[in-house]
Amino acid sequence: MSKVLQNKVAIVTGAGGGLGRAHALELARHGARVLVNDLGADREGSNARAVVETIRRAGGEAHVNGGDVTQFEQMQAMVAQAMDAWGRVDILVNNAGILRDKSFAKMSLDDFRLVLEVHVMGSVHCTKAVWETMREQGHGRIVMTTSSSGLYGSFGQANYGAAKMALVGLMQTLALEGIKHGIRVNCLAPSAATGMTEGILSEGALAGLGPEKVSPGLIALVDDDAPTRMILLAGAGSFESAHITMTQGIWVGDAGDAAEALRGQLGRVQDRRGEVVPASGWEQYQHELTKAGLDDRVSA
């Protein structure tokens, strides 16, 4: 086993079971020292404590943290715990999450807000708590957990899909802000056996979607050679990349019939030939001003 993360310090939220547990174990197998976070994990007999013991029995280093990702002060204390134990934090895996699935018509606003609070604000709290430490170190790796539900949609998961796509936007901007400080930020979109897949997939398919099949992708997103601004899809031992692209589109000008001209040419707007992945949001402005024949430079 390659120890590509030897002596690196990692925090994994929601690591008492499922994907978080698999991530924590995989990080430890590659040499990382792991702070295993899960809500209430500091209680005797918790699943997170069992994860810590598994890592220690294998010769690794790990501690448990029971903080709530929705409480910023608790996430600050979590980072302080890792700093007190090991003196640095190299890796943050924002994995904690919940489901409150219902069709949008039947979904309460409370359930919508709760899912956003855990997934989005939970990731914001953890990232904010560790951001300055990583800036001062000149090194950091942060992974947001997105989902095909956000990237492509999933019936009954309006709240979850909205939260997961929000994390892509967060990743895009933090990657730009972090690059000069040695911080690389990516998204991982896992396909793993969950309650959502029960009754839909066969037992053989479910067995092939074990969370441990996803975690090798995590290692590629947090090692010293990690990319930044990547959306890595992972499941069943397969890995793909998703992109937010921009087509070449059309220019219709500002004539009074512009709306009618556009309505008749939406097929050309959607034509994917020559599409690009913008390096930043500003490229949309530049692209459209160029097509309009306008100079985007501000005169001195």
# chains A, B, ... in the order shown; residues from 1 in each chain; ligands from 1
call {"tool": "residues_around", "arguments": {"residues": "segment 127-137 of chain A", "least_positions_apart": "4", "cutoff": "10 Å", "atoms": "only C-alpha atoms", "output": "PyMOL selection string"}}
result
chain A and resi 11+72-80+83+88-94+121-123+141-144+174+178-183
call {"tool": "select_by_dssp", "arguments": {"residues": "segment 183-222 of chain A", "states": "strand (DSSP E or B)", "output": "PyMOL selection string"}}
result
chain A and resi 183-190
call {"tool": "write_last_selection", "arguments": {"atoms": "N, CA and C atoms", "output": "mmCIF file, in the first residue's frame"}}
result
data_model
loop_
_atom_site.group_PDB
_atom_site.id
_atom_site.type_symbol
_atom_site.label_atom_id
_atom_site.label_comp_id
_atom_site.auth_asym_id
_atom_site.auth_seq_id
_atom_site.Cartn_x
_atom_site.Cartn_y
_atom_site.Cartn_z
ATOM 1 N N ILE A 183 -4.251 25.773 -1.737
ATOM 2 C CA ILE A 183 -5.468 25.045 -1.365
ATOM 3 C C ILE A 183 -6.178 24.598 -2.638
ATOM 4 N N ARG A 184 -6.453 23.311 -2.725
ATOM 5 C CA ARG A 184 -7.168 22.764 -3.878
ATOM 6 C C ARG A 184 -8.513 22.221 -3.403
ATOM 7 N N VAL A 185 -9.556 22.568 -4.157
ATOM 8 C CA VAL A 185 -10.923 22.251 -3.750
ATOM 9 C C VAL A 185 -11.612 21.497 -4.883
ATOM 10 N N ASN A 186 -12.202 20.362 -4.556
ATOM 11 C CA ASN A 186 -12.844 19.512 -5.559
ATOM 12 C C ASN A 186 -14.180 18.989 -5.044
ATOM 13 N N CYS A 187 -14.938 18.385 -5.940
ATOM 14 C CA CYS A 187 -16.200 17.738 -5.588
ATOM 15 C C CYS A 187 -16.126 16.252 -5.920
ATOM 16 N N LEU A 188 -16.737 15.467 -5.066
ATOM 17 C CA LEU A 188 -16.872 14.026 -5.289
ATOM 18 C C LEU A 188 -18.362 13.695 -5.344
ATOM 19 N N ALA A 189 -18.771 13.045 -6.427
ATOM 20 C CA ALA A 189 -20.170 12.650 -6.603
ATOM 21 C C ALA A 189 -20.246 11.127 -6.562
ATOM 22 N N PRO A 190 -20.607 10.561 -5.409
ATOM 23 C CA PRO A 190 -20.576 9.106 -5.267
ATOM 24 C C PRO A 190 -21.854 8.415 -5.727
#
call {"tool": "residues_around", "arguments": {"residues": "segment 155-157 of chain A", "least_positions_apart": "4", "cutoff": "6 Å", "atoms": "only C-alpha atoms", "output": "mmCIF file with N, CA and C atoms, in the first residue's frame"}}
result
data_model
loop_
_atom_site.group_PDB
_atom_site.id
_atom_site.type_symbol
_atom_site.label_atom_id
_atom_site.label_comp_id
_atom_site.auth_asym_id
_atom_site.auth_seq_id
_atom_site.Cartn_x
_atom_site.Cartn_y
_atom_site.Cartn_z
ATOM 1 N N ASP A 101 -36.581 12.995 1.738
ATOM 2 C CA ASP A 101 -37.105 12.861 0.382
ATOM 3 C C ASP A 101 -38.635 12.904 0.338
ATOM 4 N N LYS A 102 -39.147 13.745 -0.540
ATOM 5 C CA LYS A 102 -40.568 13.806 -0.880
ATOM 6 C C LYS A 102 -40.684 14.591 -2.181
ATOM 7 N N SER A 103 -41.775 14.400 -2.892
ATOM 8 C CA SER A 103 -41.992 15.248 -4.061
ATOM 9 C C SER A 103 -42.121 16.697 -3.582
ATOM 10 N N GLY A 161 -31.092 17.880 -4.096
ATOM 11 C CA GLY A 161 -30.460 18.282 -5.354
ATOM 12 C C GLY A 161 -30.007 19.723 -5.331
#
call {"tool": "closest_residue", "arguments": {"among": "A:Leu151, A:Leu233, A:Leu294, A:Leu27", "to": "Val214 of chain A", "atoms": "only C-alpha atoms"}}
result
A:Leu233
call {"tool": "atom_distance", "arguments": {"atom1": "atom CA of Thr247 of chain A", "atom2": "atom CA of Tyr160 of chain A"}}
result
27.3 Å
call {"tool": "atom_distance", "arguments": {"atom1": "atom CA of Thr70 of chain A", "atom2": "atom CA of Glu117 of chain A"}}
result
6.5 Å
call {"tool": "residues_around", "arguments": {"residues": "Val120 of chain A", "least_positions_apart": "3", "cutoff": "9 Å", "atoms": "only C-alpha atoms", "output": "list in words"}}
result
Val115, Leu116, Glu117, Ser123, Val124, His125, Ala163, Lys164, Ala166, Leu167 and Leu170 of chain A
call {"tool": "atom_distance", "arguments": {"atom1": "atom CA of Pro278 of chain A", "atom2": "atom CA of Gly97 of chain A"}}
result
29.4 Å
